[in-house]
Each structure stands twice: as structure tokens, then as C-alpha cells.
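The next block is protein.cif, given as mmCIF, C-alpha atoms.
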```
data_entry
loop_
_atom_site.group_PDB
_atom_site.id
_atom_site.type_symbol
_atom_site.label_atom_id
_atom_site.label_comp_id
_atom_site.auth_asym_id
_atom_site.auth_seq_id
_atom_site.Cartn_x
_atom_site.Cartn_y
_atom_site.Cartn_z
ATOM 1 C CA MET A 35 136.921 54.723 97.836
ATOM 2 C CA LEU A 36 137.807 51.855 100.198
ATOM 3 C CA GLY A 37 137.092 53.877 103.290
ATOM 4 C CA ASP A 38 137.541 52.067 106.554
ATOM 5 C CA CYS A 39 137.814 48.472 105.356
ATOM 6 C CA ASP A 40 139.079 45.535 107.398
ATOM 7 C CA GLU A 41 140.290 43.493 104.427
ATOM 8 C CA ILE A 42 140.616 43.660 100.638
ATOM 9 C CA TRP A 43 139.813 40.714 98.388
ATOM 10 C CA HIS A 44 141.203 40.559 94.850
ATOM 11 C CA ALA A 45 139.873 37.865 92.490
ATOM 12 C CA GLY A 46 142.841 37.841 90.115
ATOM 13 C CA ASP A 47 144.333 39.689 87.162
ATOM 14 C CA ILE A 48 146.451 41.707 89.578
ATOM 15 C CA GLY A 49 148.837 42.592 86.771
ATOM 16 C CA ASP A 50 151.848 43.715 88.771
ATOM 17 C CA LEU A 51 153.020 43.114 92.325
ATOM 18 C CA SER A 52 153.048 46.877 92.906
ATOM 19 C CA VAL A 53 149.232 46.781 92.741
ATOM 20 C CA ALA A 54 149.134 44.135 95.484
ATOM 21 C CA GLU A 55 151.618 46.129 97.561
ATOM 22 C CA GLN A 56 149.516 49.292 97.267
ATOM 23 C CA LEU A 57 146.419 47.372 98.355
ATOM 24 C CA GLN A 58 148.295 45.766 101.271
ATOM 25 C CA ALA A 59 149.363 49.218 102.439
ATOM 26 C CA TRP A 60 145.661 50.022 102.823
ATOM 27 C CA ALA A 61 144.430 46.801 104.497
ATOM 28 C CA PRO A 62 145.243 43.078 104.702
ATOM 29 C CA LEU A 63 144.908 41.460 101.249
ATOM 30 C CA CYS A 64 143.386 38.112 100.294
ATOM 31 C CA ALA A 65 144.049 37.458 96.605
ATOM 32 C CA VAL A 66 144.373 34.828 93.911
ATOM 33 C CA TYR A 67 146.227 35.084 90.631
ATOM 34 C CA GLY A 68 144.447 35.461 87.302
ATOM 35 C CA ASN A 69 145.187 34.381 83.763
ATOM 36 C CA ILE A 70 147.015 37.621 82.866
ATOM 37 C CA ASP A 71 149.311 37.392 85.882
ATOM 38 C CA GLY A 72 152.942 36.517 85.312
ATOM 39 C CA PRO A 73 155.355 34.381 87.335
ATOM 40 C CA GLU A 74 156.008 37.001 90.050
ATOM 41 C CA VAL A 75 152.328 37.276 90.934
ATOM 42 C CA ARG A 76 151.753 33.503 90.610
ATOM 43 C CA GLN A 77 154.607 32.816 93.029
ATOM 44 C CA ARG A 78 153.077 35.127 95.612
ATOM 45 C CA PHE A 79 149.396 34.144 95.311
ATOM 46 C CA ASP A 80 147.527 30.864 94.877
ATOM 47 C CA GLU A 81 145.070 29.887 92.151
ATOM 48 C CA HIS A 82 142.370 29.125 94.732
ATOM 49 C CA LEU A 83 141.854 30.443 98.219
ATOM 50 C CA HIS A 84 139.562 28.848 100.804
ATOM 51 C CA PHE A 85 138.949 30.798 103.992
ATOM 52 C CA GLU A 86 136.282 31.720 106.522
ATOM 53 C CA ARG A 87 135.101 35.079 107.819
ATOM 54 C CA GLU A 88 132.331 35.617 110.365
ATOM 55 C CA GLY A 89 131.227 31.991 110.011
ATOM 56 C CA ILE A 90 130.946 32.249 106.208
ATOM 57 C CA SER A 91 132.993 29.772 104.181
ATOM 58 C CA ILE A 92 134.489 31.455 101.116
ATOM 59 C CA TRP A 93 136.120 30.125 97.971
ATOM 60 C CA MET A 94 137.970 32.660 95.871
ATOM 61 C CA THR A 95 139.297 31.806 92.425
ATOM 62 C CA HIS A 96 139.791 33.718 89.217
ATOM 63 C CA ILE A 97 138.165 31.440 86.651
ATOM 64 C CA LEU A 98 134.923 29.605 87.341
ATOM 65 C CA SER A 99 136.086 26.579 85.335
ATOM 66 C CA SER A 100 134.332 23.241 84.864
ATOM 67 C CA GLN A 101 136.837 21.760 87.327
ATOM 68 C CA VAL A 102 135.828 24.326 89.960
ATOM 69 C CA ARG A 103 132.139 23.657 89.246
ATOM 70 C CA ARG A 104 132.681 19.906 89.788
ATOM 71 C CA GLN A 105 134.471 20.557 93.076
ATOM 72 C CA LEU A 106 131.682 22.864 94.208
ATOM 73 C CA SER A 107 129.119 20.089 93.851
ATOM 74 C CA SER A 108 130.979 17.997 96.447
ATOM 75 C CA GLY A 109 130.816 20.575 99.228
ATOM 76 C CA GLU A 110 129.878 24.095 98.405
ATOM 77 C CA PRO A 111 131.108 27.096 100.317
ATOM 78 C CA ASP A 112 128.640 29.783 101.370
ATOM 79 C CA LEU A 113 130.222 32.391 99.096
ATOM 80 C CA LEU A 114 132.048 32.029 95.772
ATOM 81 C CA VAL A 115 134.169 34.975 94.604
ATOM 82 C CA TYR A 116 135.682 35.062 91.109
ATOM 83 C CA GLY A 117 136.693 37.642 88.555
ATOM 84 C CA HIS A 118 137.665 36.303 85.111
ATOM 85 C CA SER A 119 134.771 37.741 83.107
ATOM 86 C CA HIS A 120 135.239 41.223 84.633
ATOM 87 C CA ILE A 121 131.428 41.392 84.591
ATOM 88 C CA LEU A 122 129.777 42.508 87.819
ATOM 89 C CA LYS A 123 127.638 39.813 89.425
ATOM 90 C CA ALA A 124 126.036 39.334 92.844
ATOM 91 C CA GLN A 125 123.413 36.610 92.959
ATOM 92 C CA ARG A 126 122.518 33.221 94.359
ATOM 93 C CA ASP A 127 122.439 30.228 92.066
ATOM 94 C CA LYS A 128 119.695 27.563 92.066
ATOM 95 C CA HIS A 129 121.548 25.684 94.835
ATOM 96 C CA GLY A 130 121.687 28.745 97.105
ATOM 97 C CA LEU A 131 125.392 29.464 96.594
ATOM 98 C CA PHE A 132 126.083 33.205 96.597
ATOM 99 C CA HIS A 133 128.242 34.249 93.618
ATOM 100 C CA LEU A 134 130.202 37.507 93.654
ATOM 101 C CA ASN A 135 132.183 38.935 90.767
ATOM 102 C CA PRO A 136 133.284 42.496 91.528
ATOM 103 C CA GLY A 137 133.856 43.366 87.885
ATOM 104 C CA ALA A 138 137.196 45.083 87.313
ATOM 105 C CA CYS A 139 138.952 48.216 88.549
ATOM 106 C CA GLY A 140 141.597 48.244 85.827
ATOM 107 C CA ARG A 141 141.684 49.366 82.240
ATOM 108 C CA GLN A 142 142.367 45.964 80.630
ATOM 109 C CA GLY A 143 139.489 43.715 79.580
ATOM 110 C CA SER A 144 136.182 44.062 77.793
ATOM 111 C CA HIS A 145 134.293 45.790 80.630
ATOM 112 C CA GLN A 146 133.000 49.273 79.892
ATOM 113 C CA VAL A 147 132.784 50.542 83.474
ATOM 114 C CA LYS A 148 135.293 49.989 86.280
ATOM 115 C CA THR A 149 133.575 48.503 89.329
ATOM 116 C CA MET A 150 134.241 46.910 92.664
ATOM 117 C CA LEU A 151 132.078 45.717 95.552
ATOM 118 C CA THR A 152 132.075 46.550 99.228
ATOM 119 C CA MET A 153 130.215 44.582 101.858
ATOM 120 C CA GLU A 154 129.982 43.727 105.496
ATOM 121 C CA LEU A 155 130.167 40.211 106.878
ATOM 122 C CA LEU A 156 128.648 39.692 110.278
ATOM 123 C CA GLU A 157 127.272 36.648 112.052
ATOM 124 C CA ARG A 158 127.124 34.403 108.960
ATOM 125 C CA LYS A 159 125.486 37.100 106.821
ATOM 126 C CA VAL A 160 126.593 39.282 103.923
ATOM 127 C CA SER A 161 125.066 42.748 104.245
ATOM 128 C CA GLN A 162 125.586 46.297 103.056
ATOM 129 C CA LEU A 163 126.634 44.990 99.628
ATOM 130 C CA LYS A 164 127.383 48.023 97.487
ATOM 131 C CA ILE A 165 128.525 48.512 93.908
ATOM 132 C CA VAL A 166 131.243 51.101 93.611
ATOM 133 C CA ASP A 167 131.221 52.671 90.140
ATOM 134 C CA LEU A 168 134.716 53.912 89.325
ATOM 135 C CA GLY A 169 133.777 55.424 85.962
ATOM 136 C CA PRO A 170 134.492 54.449 82.356
ATOM 137 C CA ARG A 171 137.330 52.163 81.446
#
```
Please rewrite the model in this file as C-alpha cells.
Amino acid sequence: MLGDCDEIWHAGDIGDLSVAEQLQAWAPLCAVYGNIDGPEVRQRFDEHLHFEREGISIWMTHILSSQVRRQLSSGEPDLLVYGHSHILKAQRDKHGLFHLNPGACGRQGSHQVKTMLTMELLERKVSQLKIVDLGPR
């Protein structure tokens, strides 16, 4: 499923630290906590994560709140990754900011199909973006 990946990104609602540990055994993990995550997960991961890969500035958060939207207007990243809705999304907004929501791999939530995204980042470009359908919830 993850194949030969360099890094795993998790946009929150990890649920249990054992999930994060299993992912970290596969590849380095960049993650934020979500609204269902308890104190153990919140102590280990931040609410927001700002980082850069291949010249692409990335902001990862779980909830695309009004506070986040206000902060975006004062200096947008190239790529915004979030997960709260558990609804798959990959599109640019009217300002050119690329939004990614991988959906959800777990069983909790209102999503009907478990999904995740894979992609390649190279020389300031996102390419090979693929939806991975993991079947019904």
C-alpha cells in the first residue's frame, strides 16, 4: 500500500500512539494531532506543522479553522494539508494555494470509503498524485 515511500504525513485523528508507531516503523512520520486525539497523542504531536520539502512550503493542520484561514492570508504556504472532514480533496483555491485532504484510512467518521493519497515532490512540484482506495469503511 505505501510501497517505497520516503515519508508519511498524517493530518490528525491518529487515535492511538500505536498507530503512529506502526507508521514510523515504515518511514519517517510527520503528523499533527486531531480533535479525537487524547493527551498522549497531543503531547507527542503539534496542532500545526510547518515544514519544507523539495522547495515546497507546507502547512499541515487537522482543522481548517477560521483562525488558520486568517493566518494563511498573511503568508500562504505552497501546500496546505488537513484532514478534519475526512473527505478527499486535492485542488487549488482561487489564490493558487494547493489544498490536500487525504480522506481517512480508519473506520471512525462519516466517510464511506477509506482513502489516502500518495505523491512525489520534486523541484518545487507535486506530481504523481494518486488516490489510494482502501475499500469501504
Quiz item: Of the candidates A:Pro111, A:Pro62, A:Gly89, A:Pro170, which one gets nearest to A:Phe132 if we count all atoms listed in the file?
Solution: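 The answer is A:Pro111, which sits nearest to A:Phe132.
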Quiz item: Counting all atoms listed in the file, which of A:Glu157, A:Asp127, A:Glu74, A:Asp38 gets nearest to A:Glu110?
Solution: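 Checking each of A:Glu157, A:Asp127, A:Glu74, A:Asp38 against A:Glu110, counting all atoms listed in the file, the winner is A:Asp127.
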Quick one: everything within 7 Å of A:Cys64, counting only C-alpha atoms, minus sequence neighbours fewer than 4 positions away in the same chain. Send it as a PDB file with C-alpha atoms, in the coordinates of the input.
```pdb
ATOM      1  CA  ILE A  42     140.616  43.660 100.638  1.00  0.00           C
ATOM      2  CA  TRP A  43     139.813  40.714  98.388  1.00  0.00           C
ATOM      3  CA  HIS A  44     141.203  40.559  94.850  1.00  0.00           C
TER       4      HIS A  44
END
```
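Minimum atom-to-atom distances from A:Gln101, A:Asp47, A:Ile92, A:Pro73 to A:Ser119 were compared using all atoms listed in the file, and the lowest value belongs to A:Asp47.
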Quick one: apply the PyMOL selection byres ((chain A and resi 121) around 7) to the file and drop the selected residues here as a PDB file with C-alpha atoms, in the coordinates of the input.
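After the write, selection.pdb holds the following:
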```pdb
ATOM      1  CA  SER A 119     134.771  37.741  83.107  1.00  0.00           C
ATOM      2  CA  HIS A 120     135.239  41.223  84.633  1.00  0.00           C
ATOM      3  CA  LEU A 122     129.777  42.508  87.819  1.00  0.00           C
ATOM      4  CA  LYS A 123     127.638  39.813  89.425  1.00  0.00           C
ATOM      5  CA  ASN A 135     132.183  38.935  90.767  1.00  0.00           C
ATOM      6  CA  GLY A 137     133.856  43.366  87.885  1.00  0.00           C
ATOM      7  CA  HIS A 145     134.293  45.790  80.630  1.00  0.00           C
TER       8      HIS A 145
END
```
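Using all atoms listed in the file for every distance, the candidate list A:Ile97, A:Leu83, A:Val102, A:Val53 yields A:Ile97 as the residue closest to A:Gly68.
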Exercise. Could you state which residues are captured by the PyMOL selection byres ((chain A and resi 94) around 6) in this file, as a list in words?
Key: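 Output of the PyMOL selection byres ((chain A and resi 94) around 6): His82, Leu83, Trp93, Thr95, Leu114, Val115 and Tyr116 of chain A.
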Exercise. Give me, please, the distance in Å between atom CA of A:Lys164 and atom CA of A:Arg104, quoted to one decimal.
Key: 29.6 Å
Practice problem: Would you mind reading off the distance between atom CA of A:Ala45 and atom CA of A:Gly72, one decimal, in Å? | Solution: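 Value for the atom CA of A:Ala45-atom CA of A:Gly72 distance: 15.0 Å.
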How would stretch 61-97 of chain A read, as a PDB file, in the coordinates of the input, once N, CA and C atoms are built in?
```pdb
ATOM      1  N   ALA A  61     145.052  47.785 103.600  1.00  0.00           N
ATOM      2  CA  ALA A  61     144.430  46.801 104.497  1.00  0.00           C
ATOM      3  C   ALA A  61     144.978  45.418 104.142  1.00  0.00           C
ATOM      4  N   PRO A  62     144.817  44.435 105.035  1.00  0.00           N
ATOM      5  CA  PRO A  62     145.243  43.078 104.702  1.00  0.00           C
ATOM      6  C   PRO A  62     144.594  42.616 103.390  1.00  0.00           C
ATOM      7  N   LEU A  63     145.342  41.877 102.582  1.00  0.00           N
ATOM      8  CA  LEU A  63     144.908  41.460 101.249  1.00  0.00           C
ATOM      9  C   LEU A  63     144.764  39.949 101.159  1.00  0.00           C
ATOM     10  N   CYS A  64     143.611  39.501 100.679  1.00  0.00           N
ATOM     11  CA  CYS A  64     143.386  38.112 100.294  1.00  0.00           C
ATOM     12  C   CYS A  64     143.243  38.141  98.780  1.00  0.00           C
ATOM     13  N   ALA A  65     144.082  37.388  98.064  1.00  0.00           N
ATOM     14  CA  ALA A  65     144.049  37.458  96.605  1.00  0.00           C
ATOM     15  C   ALA A  65     144.428  36.132  95.986  1.00  0.00           C
ATOM     16  N   VAL A  66     143.980  35.954  94.755  1.00  0.00           N
ATOM     17  CA  VAL A  66     144.373  34.828  93.911  1.00  0.00           C
ATOM     18  C   VAL A  66     144.941  35.405  92.620  1.00  0.00           C
ATOM     19  N   TYR A  67     145.709  34.593  91.917  1.00  0.00           N
ATOM     20  CA  TYR A  67     146.227  35.084  90.631  1.00  0.00           C
ATOM     21  C   TYR A  67     145.218  34.820  89.524  1.00  0.00           C
ATOM     22  N   GLY A  68     145.314  35.618  88.466  1.00  0.00           N
ATOM     23  CA  GLY A  68     144.447  35.461  87.302  1.00  0.00           C
ATOM     24  C   GLY A  68     145.238  35.067  86.076  1.00  0.00           C
ATOM     25  N   ASN A  69     144.541  34.875  84.980  1.00  0.00           N
ATOM     26  CA  ASN A  69     145.187  34.381  83.763  1.00  0.00           C
ATOM     27  C   ASN A  69     146.160  35.377  83.142  1.00  0.00           C
ATOM     28  N   ILE A  70     146.051  36.674  83.432  1.00  0.00           N
ATOM     29  CA  ILE A  70     147.015  37.621  82.866  1.00  0.00           C
ATOM     30  C   ILE A  70     148.253  37.770  83.743  1.00  0.00           C
ATOM     31  N   ASP A  71     148.220  37.200  84.938  1.00  0.00           N
ATOM     32  CA  ASP A  71     149.311  37.392  85.882  1.00  0.00           C
ATOM     33  C   ASP A  71     150.527  36.544  85.534  1.00  0.00           C
ATOM     34  N   GLY A  72     151.674  37.171  85.627  1.00  0.00           N
ATOM     35  CA  GLY A  72     152.942  36.517  85.312  1.00  0.00           C
ATOM     36  C   GLY A  72     153.511  35.751  86.500  1.00  0.00           C
ATOM     37  N   PRO A  73     154.727  35.233  86.314  1.00  0.00           N
ATOM     38  CA  PRO A  73     155.355  34.381  87.335  1.00  0.00           C
ATOM     39  C   PRO A  73     155.515  35.036  88.702  1.00  0.00           C
ATOM     40  N   GLU A  74     155.835  36.328  88.754  1.00  0.00           N
ATOM     41  CA  GLU A  74     156.008  37.001  90.050  1.00  0.00           C
ATOM     42  C   GLU A  74     154.724  36.959  90.874  1.00  0.00           C
ATOM     43  N   VAL A  75     153.613  37.270  90.231  1.00  0.00           N
ATOM     44  CA  VAL A  75     152.328  37.276  90.934  1.00  0.00           C
ATOM     45  C   VAL A  75     151.924  35.844  91.281  1.00  0.00           C
ATOM     46  N   ARG A  76     152.134  34.909  90.368  1.00  0.00           N
ATOM     47  CA  ARG A  76     151.753  33.503  90.610  1.00  0.00           C
ATOM     48  C   ARG A  76     152.574  32.871  91.725  1.00  0.00           C
ATOM     49  N   GLN A  77     153.792  33.334  91.923  1.00  0.00           N
ATOM     50  CA  GLN A  77     154.607  32.816  93.029  1.00  0.00           C
ATOM     51  C   GLN A  77     154.110  33.335  94.373  1.00  0.00           C
ATOM     52  N   ARG A  78     153.518  34.489  94.367  1.00  0.00           N
ATOM     53  CA  ARG A  78     153.077  35.127  95.612  1.00  0.00           C
ATOM     54  C   ARG A  78     151.659  34.719  96.016  1.00  0.00           C
ATOM     55  N   PHE A  79     150.797  34.456  95.031  1.00  0.00           N
ATOM     56  CA  PHE A  79     149.396  34.144  95.311  1.00  0.00           C
ATOM     57  C   PHE A  79     149.011  32.790  94.730  1.00  0.00           C
ATOM     58  N   ASP A  80     148.004  32.173  95.326  1.00  0.00           N
ATOM     59  CA  ASP A  80     147.527  30.864  94.877  1.00  0.00           C
ATOM     60  C   ASP A  80     146.451  31.015  93.811  1.00  0.00           C
ATOM     61  N   GLU A  81     146.149  29.900  93.149  1.00  0.00           N
ATOM     62  CA  GLU A  81     145.070  29.887  92.151  1.00  0.00           C
ATOM     63  C   GLU A  81     143.702  29.897  92.834  1.00  0.00           C
ATOM     64  N   HIS A  82     143.612  29.216  93.964  1.00  0.00           N
ATOM     65  CA  HIS A  82     142.370  29.125  94.732  1.00  0.00           C
ATOM     66  C   HIS A  82     142.676  29.489  96.177  1.00  0.00           C
ATOM     67  N   LEU A  83     141.711  30.088  96.813  1.00  0.00           N
ATOM     68  CA  LEU A  83     141.854  30.443  98.219  1.00  0.00           C
ATOM     69  C   LEU A  83     140.570  30.058  98.932  1.00  0.00           C
ATOM     70  N   HIS A  84     140.703  29.259  99.977  1.00  0.00           N
ATOM     71  CA  HIS A  84     139.562  28.848 100.804  1.00  0.00           C
ATOM     72  C   HIS A  84     139.778  29.442 102.189  1.00  0.00           C
ATOM     73  N   PHE A  85     138.806  30.196 102.678  1.00  0.00           N
ATOM     74  CA  PHE A  85     138.949  30.798 103.992  1.00  0.00           C
ATOM     75  C   PHE A  85     137.566  31.054 104.578  1.00  0.00           C
ATOM     76  N   GLU A  86     137.544  31.456 105.836  1.00  0.00           N
ATOM     77  CA  GLU A  86     136.282  31.720 106.522  1.00  0.00           C
ATOM     78  C   GLU A  86     136.349  33.077 107.203  1.00  0.00           C
ATOM     79  N   ARG A  87     135.246  33.799 107.128  1.00  0.00           N
ATOM     80  CA  ARG A  87     135.101  35.079 107.819  1.00  0.00           C
ATOM     81  C   ARG A  87     133.701  35.133 108.412  1.00  0.00           C
ATOM     82  N   GLU A  88     133.627  35.451 109.691  1.00  0.00           N
ATOM     83  CA  GLU A  88     132.331  35.617 110.365  1.00  0.00           C
ATOM     84  C   GLU A  88     131.412  34.407 110.177  1.00  0.00           C
ATOM     85  N   GLY A  89     132.005  33.213 110.165  1.00  0.00           N
ATOM     86  CA  GLY A  89     131.227  31.991 110.011  1.00  0.00           C
ATOM     87  C   GLY A  89     130.793  31.689 108.590  1.00  0.00           C
ATOM     88  N   ILE A  90     131.278  32.451 107.622  1.00  0.00           N
ATOM     89  CA  ILE A  90     130.946  32.249 106.208  1.00  0.00           C
ATOM     90  C   ILE A  90     132.139  31.584 105.527  1.00  0.00           C
ATOM     91  N   SER A  91     131.907  30.422 104.915  1.00  0.00           N
ATOM     92  CA  SER A  91     132.993  29.772 104.181  1.00  0.00           C
ATOM     93  C   SER A  91     133.061  30.370 102.772  1.00  0.00           C
ATOM     94  N   ILE A  92     134.279  30.723 102.358  1.00  0.00           N
ATOM     95  CA  ILE A  92     134.489  31.455 101.116  1.00  0.00           C
ATOM     96  C   ILE A  92     135.483  30.708 100.247  1.00  0.00           C
ATOM     97  N   TRP A  93     135.187  30.651  98.969  1.00  0.00           N
ATOM     98  CA  TRP A  93     136.120  30.125  97.971  1.00  0.00           C
ATOM     99  C   TRP A  93     136.352  31.242  96.972  1.00  0.00           C
ATOM    100  N   MET A  94     137.606  31.645  96.846  1.00  0.00           N
ATOM    101  CA  MET A  94     137.970  32.660  95.871  1.00  0.00           C
ATOM    102  C   MET A  94     138.857  32.009  94.808  1.00  0.00           C
ATOM    103  N   THR A  95     138.522  32.277  93.559  1.00  0.00           N
ATOM    104  CA  THR A  95     139.297  31.806  92.425  1.00  0.00           C
ATOM    105  C   THR A  95     139.136  32.833  91.320  1.00  0.00           C
ATOM    106  N   HIS A  96     139.941  32.740  90.293  1.00  0.00           N
ATOM    107  CA  HIS A  96     139.791  33.718  89.217  1.00  0.00           C
ATOM    108  C   HIS A  96     138.807  33.230  88.157  1.00  0.00           C
ATOM    109  N   ILE A  97     138.994  31.988  87.730  1.00  0.00           N
ATOM    110  CA  ILE A  97     138.165  31.440  86.651  1.00  0.00           C
ATOM    111  C   ILE A  97     137.204  30.394  87.210  1.00  0.00           C
TER     112      ILE A  97
END
```
